[in-house]
Structure formats: structure tokens, C-alpha cells
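Heads up: the structure comes next, in C-alpha cells.
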Amino acid sequence: MHTSPRELVRWQFELTWSLFEYHLERLEPEDFLWEPAALCWTVRQQPDGTWVPDWADTEPDPVPVPTIGWLSWHIGWWWSVTIDHAQGRTPRDRTEVTWPGEGTAAVEWLRGLRTDWLAVLDKLTDADLEAVAPFPWQNDPQHTVAHMLGWVNAELMKNAAEIGQLRMVRAASPR
């Protein structure tokens with residue numbers, strides 16, 4: 001049986017998403033802003049109601065522990081920008097990608113990005129996967145669109161594992 005590169009990437013994405021969905025279905029609103037350590041990155045609600053993520057242009061040492069809220073914003077940020085690149089749109093700046101808030105709002109936002117991503121994947125051909133990736137390597141000829149798709153899968157897998165671990169640690173912690 002022959003599996004095309006596009007089919008393989010799609011299969012890997014769906015597998016990763018199913019593992020992520022396990023945790024998305026079990027998240028409680030209180031999970032999102034729970035701070036598991038003294039040094040955390042989170043999202044903070046501004047007086048106008050918008051949520052702003054903690055950020056540093058140079059990674060601090062030690063690296064702050066991200067909250068589930070911050071991680072879900074981070075997924076939304078890199079995925080939104082990747083979708084922009086894949087669709088040939090001008091990519092949004094990091095500050096233009098706003099987190100919708102904890103609980104159902106964040107989960108539905110992520111599921112909406114999944115739908116948008118599947119629409120991108122469905123339009124690609126195996127030949128498209130051989131083109132130079134527009135992101136995250138800024139048109140480096142050594143990286144193809146297939147690399148970009150693999151990066152999305154890996155980044156989602158990493159962030160999903162982090163969210164899952166935080167969710168389970170919070171659930172097992174005394175309250």
C-alpha cells in the first residue's frame with residue numbers, strides 16, 4: 001500500500017490531534033490560569049477585557065513555567081501565523097493574535113484553528129509539499145512545505161503534552 005507524503009502528514013496530524021482532544025475534553029476553566037510554580041508565564045486580562053501573554057524577546061534564564069492559558073495562546077499564535085503563510089496572506093504579528101479567555105472559549109478557538117488547518121491540508125498536493133517553506137524558516141531553501149507541516153505536527157504534539165501534563169498535575173494536587 002502506498003501512502004503519499006500528504007496523506008502521511010495528515011495521518012500524523014490527526015493522531016496528534018486525537019491525543020490533544022483527550023485533554024481538551026477534560027480541561028476545566030480553572031486549569032487555564034493555574035500557576036504551578038513561582039515563576040510562570042501566563043495570559044493577563046487587561047482593563048479592556050483583552051488577554052495579553054507574558055513575553056520576552058530573549059528567552060529568560062530560567063525559563064518560566066507556562067500556564068495552560070499561555071500554552072493555548074502560544075498554539076493559537078504559531079498556528080494562526082502558519083495558516084497565514086500557507087494561504088499566502090500577510091502573517092499576523094504576535095501581538096495581533098489574542099487569546100479568547102479560559103474554558104470553552106479557548107477550546108473552541110483551538111478547534112476552529114484545527115478546522116482551518118485541515119482546509120489548508122486538503123488543498124495541498126504532494127507537489128506543493130516540495131516547495132520552499134515560507135515559515136518558520138523564512139524561505140530557507142533547505143526546508144520545504146513538508147517540513148513546515150511536520151513542524152506543525154511536532155509543535156502541536158509538544159504543546160499538547162505540556163497542557164496534558166499540567167492538567168494532570170493540577171488534578172492530582174491538593175486544592
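By convention here, the chains of the C-alpha cells are called A, B, ... in the order presented, each chain's residues are numbered starting at 1, and ligands are numbered starting at 1 in the order presented.
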Within 7 Å of A:Ala160, counting only C-alpha atoms, which residues qualify if same-chain residues fewer than 4 places away don't, as a list in words?
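Close residues of A:Ala160: Phe20, Leu156 and Gly164 of chain A.
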Per-residue nearest contacts of stretch 138-175 of chain A to stretch 66-84 of chain A (8 Å; only C-alpha atoms) as a Markdown table:
```
| residue | atom | partner | partner_atom | distance |
| --- | --- | --- | --- | --- |
| A:Val152 | CA | A:Trp79 | CA | 7.4 |
| A:Leu156 | CA | A:Ile75 | CA | 7.1 |
| A:Asn159 | CA | A:Leu71 | CA | 6.6 |
| A:Glu162 | CA | A:Leu71 | CA | 7.9 |
| A:Ile163 | CA | A:Ile68 | CA | 5.6 |
| A:Leu166 | CA | A:Ile68 | CA | 7.0 |
| A:Arg167 | CA | A:Ile68 | CA | 7.8 |
```
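For the choices A:Leu149, A:Ala106, A:Ala56, A:Ala38, the atom-to-atom distance to A:Leu124 is smallest for A:Leu149 when using only C-alpha atoms.
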Of the candidates A:Thr144, A:Thr58, A:Ser173, A:Asn153, which shows the shortest atom-to-atom distance to A:Trp117, using only C-alpha atoms?
A:Asn153
From chain A, collect each residue whose DSSP state is alpha helix (DSSP H) and return the set as a compact mmCIF listing (two decimals) with N, CA and C atoms, in the first residue's frame.
```txt
# COMPACT_ATOMS: atom_id res chain seq x y z
N PRO A 5 3.05 11.44 0.72
CA PRO A 5 3.56 12.29 1.81
C PRO A 5 2.44 13.14 2.45
N ARG A 6 1.54 13.67 1.66
CA ARG A 6 0.45 14.47 2.20
C ARG A 6 -0.46 13.64 3.10
N GLU A 7 -0.75 12.41 2.66
CA GLU A 7 -1.59 11.53 3.48
C GLU A 7 -0.90 11.17 4.80
N LEU A 8 0.41 10.97 4.74
CA LEU A 8 1.16 10.63 5.94
C LEU A 8 1.16 11.80 6.94
N VAL A 9 1.38 13.01 6.44
CA VAL A 9 1.37 14.19 7.31
C VAL A 9 -0.02 14.38 7.91
N ARG A 10 -1.04 14.18 7.09
CA ARG A 10 -2.43 14.31 7.59
C ARG A 10 -2.71 13.25 8.67
N TRP A 11 -2.28 12.04 8.45
CA TRP A 11 -2.48 10.97 9.43
C TRP A 11 -1.77 11.34 10.74
N GLN A 12 -0.52 11.81 10.63
CA GLN A 12 0.23 12.18 11.82
C GLN A 12 -0.47 13.32 12.56
N PHE A 13 -0.99 14.30 11.82
CA PHE A 13 -1.71 15.40 12.45
C PHE A 13 -2.95 14.88 13.18
N GLU A 14 -3.72 14.04 12.53
CA GLU A 14 -4.95 13.52 13.16
C GLU A 14 -4.63 12.70 14.41
N LEU A 15 -3.55 11.94 14.39
CA LEU A 15 -3.14 11.19 15.57
C LEU A 15 -2.78 12.15 16.70
N THR A 16 -1.99 13.16 16.39
CA THR A 16 -1.60 14.16 17.39
C THR A 16 -2.83 14.87 17.93
N TRP A 17 -3.74 15.24 17.04
CA TRP A 17 -4.94 15.95 17.49
C TRP A 17 -5.78 15.06 18.42
N SER A 18 -5.89 13.79 18.10
CA SER A 18 -6.71 12.91 18.95
C SER A 18 -6.13 12.83 20.36
N LEU A 19 -4.81 12.84 20.48
CA LEU A 19 -4.18 12.85 21.80
C LEU A 19 -4.44 14.18 22.51
N PHE A 20 -4.44 15.27 21.76
CA PHE A 20 -4.72 16.59 22.33
C PHE A 20 -6.18 16.69 22.76
N GLU A 21 -7.07 16.16 21.94
CA GLU A 21 -8.51 16.23 22.23
C GLU A 21 -8.82 15.54 23.56
N TYR A 22 -8.10 14.49 23.87
CA TYR A 22 -8.28 13.80 25.16
C TYR A 22 -8.20 14.82 26.31
N HIS A 23 -7.21 15.70 26.24
CA HIS A 23 -7.04 16.70 27.30
C HIS A 23 -8.01 17.88 27.14
N LEU A 24 -8.25 18.30 25.91
CA LEU A 24 -9.18 19.42 25.70
C LEU A 24 -10.55 19.12 26.31
N ILE A 68 -1.45 26.71 31.28
CA ILE A 68 -2.24 26.18 30.16
C ILE A 68 -2.79 27.32 29.32
N GLY A 69 -3.17 28.42 29.96
CA GLY A 69 -3.63 29.58 29.20
C GLY A 69 -2.56 30.09 28.25
N TRP A 70 -1.32 30.22 28.76
CA TRP A 70 -0.23 30.70 27.92
C TRP A 70 0.05 29.71 26.79
N LEU A 71 0.07 28.43 27.12
CA LEU A 71 0.32 27.42 26.08
C LEU A 71 -0.77 27.43 25.01
N SER A 72 -2.02 27.58 25.42
CA SER A 72 -3.09 27.60 24.41
C SER A 72 -2.98 28.86 23.55
N TRP A 73 -2.59 30.01 24.15
CA TRP A 73 -2.34 31.20 23.33
C TRP A 73 -1.18 30.92 22.36
N HIS A 74 -0.12 30.30 22.87
CA HIS A 74 1.07 30.02 22.05
C HIS A 74 0.70 29.15 20.84
N ILE A 75 -0.11 28.12 21.07
CA ILE A 75 -0.58 27.29 19.95
C ILE A 75 -1.34 28.17 18.96
N GLY A 76 -2.26 28.96 19.46
CA GLY A 76 -3.04 29.83 18.58
C GLY A 76 -2.18 30.80 17.79
N TRP A 77 -1.13 31.30 18.43
CA TRP A 77 -0.25 32.25 17.75
C TRP A 77 0.51 31.59 16.60
N TRP A 78 1.28 30.52 16.91
CA TRP A 78 2.09 29.94 15.83
C TRP A 78 1.23 29.29 14.77
N TRP A 79 0.08 28.75 15.16
CA TRP A 79 -0.78 28.10 14.17
C TRP A 79 -1.45 29.13 13.27
N SER A 80 -1.91 30.24 13.85
CA SER A 80 -2.53 31.31 13.04
C SER A 80 -1.53 31.85 12.02
N VAL A 81 -0.31 32.09 12.47
CA VAL A 81 0.72 32.62 11.58
C VAL A 81 1.09 31.60 10.50
N THR A 82 1.15 30.33 10.86
CA THR A 82 1.45 29.29 9.87
C THR A 82 0.33 29.20 8.83
N ILE A 83 -0.92 29.28 9.27
CA ILE A 83 -2.05 29.27 8.34
C ILE A 83 -1.97 30.48 7.42
N ASP A 84 -1.64 31.64 7.97
CA ASP A 84 -1.48 32.83 7.12
C ASP A 84 -0.45 32.56 6.03
N HIS A 85 0.71 32.06 6.41
CA HIS A 85 1.77 31.77 5.43
C HIS A 85 1.30 30.75 4.40
N ALA A 86 0.67 29.69 4.86
CA ALA A 86 0.24 28.61 3.96
C ALA A 86 -0.81 29.09 2.96
N THR A 104 -14.25 27.16 27.68
CA THR A 104 -14.83 26.84 26.38
C THR A 104 -14.32 27.75 25.27
N ALA A 105 -14.14 29.03 25.58
CA ALA A 105 -13.68 29.97 24.54
C ALA A 105 -12.34 29.54 23.96
N ALA A 106 -11.39 29.16 24.82
CA ALA A 106 -10.07 28.74 24.34
C ALA A 106 -10.15 27.42 23.59
N VAL A 107 -10.91 26.49 24.12
CA VAL A 107 -11.03 25.17 23.46
C VAL A 107 -11.67 25.31 22.09
N GLU A 108 -12.72 26.09 21.98
CA GLU A 108 -13.38 26.28 20.68
C GLU A 108 -12.48 27.01 19.70
N TRP A 109 -11.68 27.96 20.18
CA TRP A 109 -10.72 28.66 19.33
C TRP A 109 -9.72 27.68 18.74
N LEU A 110 -9.18 26.80 19.58
CA LEU A 110 -8.22 25.80 19.10
C LEU A 110 -8.88 24.83 18.12
N ARG A 111 -10.09 24.42 18.40
CA ARG A 111 -10.79 23.53 17.47
C ARG A 111 -11.07 24.24 16.14
N GLY A 112 -11.35 25.52 16.19
CA GLY A 112 -11.53 26.29 14.96
C GLY A 112 -10.25 26.36 14.14
N LEU A 113 -9.12 26.52 14.82
CA LEU A 113 -7.84 26.51 14.12
C LEU A 113 -7.57 25.16 13.48
N ARG A 114 -7.98 24.09 14.15
CA ARG A 114 -7.85 22.75 13.57
C ARG A 114 -8.63 22.67 12.27
N THR A 115 -9.85 23.18 12.27
CA THR A 115 -10.68 23.18 11.05
C THR A 115 -10.00 23.98 9.94
N ASP A 116 -9.47 25.15 10.29
CA ASP A 116 -8.75 25.97 9.30
C ASP A 116 -7.53 25.24 8.76
N TRP A 117 -6.81 24.55 9.64
CA TRP A 117 -5.61 23.83 9.23
C TRP A 117 -5.96 22.67 8.30
N LEU A 118 -7.03 21.95 8.61
CA LEU A 118 -7.44 20.85 7.74
C LEU A 118 -7.82 21.36 6.35
N ALA A 119 -8.41 22.55 6.28
CA ALA A 119 -8.73 23.14 4.97
C ALA A 119 -7.44 23.43 4.20
N VAL A 120 -6.41 23.88 4.90
CA VAL A 120 -5.10 24.11 4.26
C VAL A 120 -4.55 22.78 3.76
N LEU A 121 -4.55 21.77 4.61
CA LEU A 121 -4.00 20.47 4.23
C LEU A 121 -4.75 19.87 3.03
N ASP A 122 -6.07 20.04 3.01
CA ASP A 122 -6.87 19.46 1.94
C ASP A 122 -6.58 20.08 0.58
N LYS A 123 -6.06 21.31 0.56
CA LYS A 123 -5.77 21.99 -0.71
C LYS A 123 -4.38 21.66 -1.25
N VAL A 145 7.68 22.85 2.27
CA VAL A 145 6.36 22.90 2.89
C VAL A 145 6.12 21.63 3.70
N ALA A 146 6.62 20.49 3.23
CA ALA A 146 6.50 19.25 4.01
C ALA A 146 7.18 19.40 5.36
N HIS A 147 8.33 20.06 5.41
CA HIS A 147 8.99 20.33 6.69
C HIS A 147 8.10 21.20 7.57
N MET A 148 7.48 22.21 6.97
CA MET A 148 6.60 23.09 7.74
C MET A 148 5.44 22.30 8.35
N LEU A 149 4.86 21.39 7.57
CA LEU A 149 3.76 20.58 8.08
C LEU A 149 4.24 19.67 9.21
N GLY A 150 5.42 19.09 9.04
CA GLY A 150 5.99 18.25 10.10
C GLY A 150 6.28 19.07 11.35
N TRP A 151 6.73 20.31 11.17
CA TRP A 151 6.98 21.20 12.31
C TRP A 151 5.68 21.49 13.06
N VAL A 152 4.58 21.75 12.31
CA VAL A 152 3.29 22.00 12.96
C VAL A 152 2.90 20.78 13.79
N ASN A 153 3.03 19.59 13.23
CA ASN A 153 2.69 18.38 13.97
C ASN A 153 3.54 18.23 15.23
N ALA A 154 4.84 18.49 15.10
CA ALA A 154 5.73 18.35 16.25
C ALA A 154 5.43 19.41 17.31
N GLU A 155 5.22 20.63 16.89
CA GLU A 155 4.92 21.72 17.83
C GLU A 155 3.61 21.45 18.55
N LEU A 156 2.59 20.98 17.82
CA LEU A 156 1.31 20.66 18.44
C LEU A 156 1.48 19.50 19.42
N MET A 157 2.24 18.49 19.04
CA MET A 157 2.46 17.34 19.91
C MET A 157 3.14 17.78 21.21
N LYS A 158 4.14 18.63 21.11
CA LYS A 158 4.86 19.12 22.28
C LYS A 158 3.93 19.94 23.18
N ASN A 159 3.22 20.89 22.59
CA ASN A 159 2.33 21.74 23.39
C ASN A 159 1.17 20.94 23.99
N ALA A 160 0.65 19.98 23.25
CA ALA A 160 -0.43 19.14 23.78
C ALA A 160 0.06 18.33 24.98
N ALA A 161 1.28 17.82 24.90
CA ALA A 161 1.84 17.06 26.02
C ALA A 161 2.03 17.96 27.23
N GLU A 162 2.49 19.19 27.00
CA GLU A 162 2.67 20.13 28.11
C GLU A 162 1.33 20.46 28.77
N ILE A 163 0.32 20.71 27.96
CA ILE A 163 -1.01 21.00 28.50
C ILE A 163 -1.55 19.80 29.26
N GLY A 164 -1.40 18.62 28.69
CA GLY A 164 -1.87 17.41 29.36
C GLY A 164 -1.18 17.19 30.69
N GLN A 165 0.12 17.39 30.71
CA GLN A 165 0.86 17.19 31.96
C GLN A 165 0.43 18.20 33.02
N LEU A 166 0.29 19.46 32.63
CA LEU A 166 -0.16 20.47 33.59
C LEU A 166 -1.56 20.15 34.11
N ARG A 167 -2.44 19.72 33.21
CA ARG A 167 -3.81 19.37 33.62
C ARG A 167 -3.79 18.24 34.63
N MET A 168 -3.00 17.21 34.37
CA MET A 168 -2.95 16.06 35.28
C MET A 168 -2.30 16.41 36.61
N VAL A 169 -1.24 17.23 36.59
CA VAL A 169 -0.61 17.64 37.84
C VAL A 169 -1.58 18.47 38.68
N ARG A 170 -2.30 19.39 38.04
CA ARG A 170 -3.27 20.18 38.79
C ARG A 170 -4.36 19.29 39.38
N ALA A 171 -4.85 18.35 38.58
CA ALA A 171 -5.91 17.45 39.06
C ALA A 171 -5.43 16.60 40.24
N ALA A 172 -4.16 16.25 40.26
CA ALA A 172 -3.63 15.40 41.33
C ALA A 172 -3.15 16.21 42.54
```
Two-atom distance - atom CA of A:Asp140, atom CA of A:Trp55 (Å)
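These atoms are spaced 26.1 Å apart.
Interatomic distance, atom CA of A:Pro100 to atom CA of A:Asp57: 22.7 Å.
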Check the DSSP output for the backbone and give back, as a PDB file with N, CA, C and O atoms, in the first residue's frame, the residues of chain A in strand (DSSP E).
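Resulting contents of states_37.pdb:
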```pdb
ATOM      1  N   CYS A  40       6.155  31.861  36.476  1.00  0.00           N
ATOM      2  CA  CYS A  40       5.259  31.393  35.409  1.00  0.00           C
ATOM      3  C   CYS A  40       5.070  32.447  34.335  1.00  0.00           C
ATOM      4  O   CYS A  40       5.125  33.646  34.611  1.00  0.00           O
ATOM      5  N   TRP A  41       4.818  31.971  33.134  1.00  0.00           N
ATOM      6  CA  TRP A  41       4.279  32.812  32.072  1.00  0.00           C
ATOM      7  C   TRP A  41       2.813  32.457  31.952  1.00  0.00           C
ATOM      8  O   TRP A  41       2.436  31.285  31.924  1.00  0.00           O
ATOM      9  N   VAL A  43      -1.330  34.401  30.742  1.00  0.00           N
ATOM     10  CA  VAL A  43      -2.020  35.454  29.998  1.00  0.00           C
ATOM     11  C   VAL A  43      -2.758  36.300  31.036  1.00  0.00           C
ATOM     12  O   VAL A  43      -3.282  35.771  32.010  1.00  0.00           O
ATOM     13  N   ARG A  44      -2.746  37.601  30.811  1.00  0.00           N
ATOM     14  CA  ARG A  44      -3.319  38.521  31.794  1.00  0.00           C
ATOM     15  C   ARG A  44      -4.387  39.383  31.136  1.00  0.00           C
ATOM     16  O   ARG A  44      -4.156  39.946  30.072  1.00  0.00           O
ATOM     17  N   GLN A  45      -5.525  39.445  31.812  1.00  0.00           N
ATOM     18  CA  GLN A  45      -6.629  40.228  31.268  1.00  0.00           C
ATOM     19  C   GLN A  45      -6.378  41.716  31.518  1.00  0.00           C
ATOM     20  O   GLN A  45      -6.062  42.131  32.627  1.00  0.00           O
ATOM     21  N   TRP A  51      -6.849  39.717  26.501  1.00  0.00           N
ATOM     22  CA  TRP A  51      -5.857  38.926  27.222  1.00  0.00           C
ATOM     23  C   TRP A  51      -4.504  39.105  26.546  1.00  0.00           C
ATOM     24  O   TRP A  51      -4.394  38.974  25.321  1.00  0.00           O
ATOM     25  N   VAL A  52      -3.480  39.375  27.325  1.00  0.00           N
ATOM     26  CA  VAL A  52      -2.138  39.602  26.800  1.00  0.00           C
ATOM     27  C   VAL A  52      -1.199  38.568  27.423  1.00  0.00           C
ATOM     28  O   VAL A  52      -1.168  38.415  28.647  1.00  0.00           O
ATOM     29  N   PRO A  53      -0.423  37.875  26.578  1.00  0.00           N
ATOM     30  CA  PRO A  53       0.510  36.874  27.123  1.00  0.00           C
ATOM     31  C   PRO A  53       1.778  37.522  27.657  1.00  0.00           C
ATOM     32  O   PRO A  53       2.236  38.552  27.152  1.00  0.00           O
ATOM     33  N   VAL A  65       7.721  28.647  33.794  1.00  0.00           N
ATOM     34  CA  VAL A  65       6.799  27.542  33.516  1.00  0.00           C
ATOM     35  C   VAL A  65       5.535  28.155  32.906  1.00  0.00           C
ATOM     36  O   VAL A  65       4.942  29.047  33.507  1.00  0.00           O
ATOM     37  N   PRO A  66       5.119  27.715  31.732  1.00  0.00           N
ATOM     38  CA  PRO A  66       3.910  28.302  31.145  1.00  0.00           C
ATOM     39  C   PRO A  66       2.649  27.708  31.756  1.00  0.00           C
ATOM     40  O   PRO A  66       2.615  26.537  32.135  1.00  0.00           O
TER      41      PRO A  66
END
```
Coordinates-based distance that separates atom CA of A:Pro91 from atom CA of A:Asp54 (Å, one decimal):
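These two atoms are separated by 20.7 Å.
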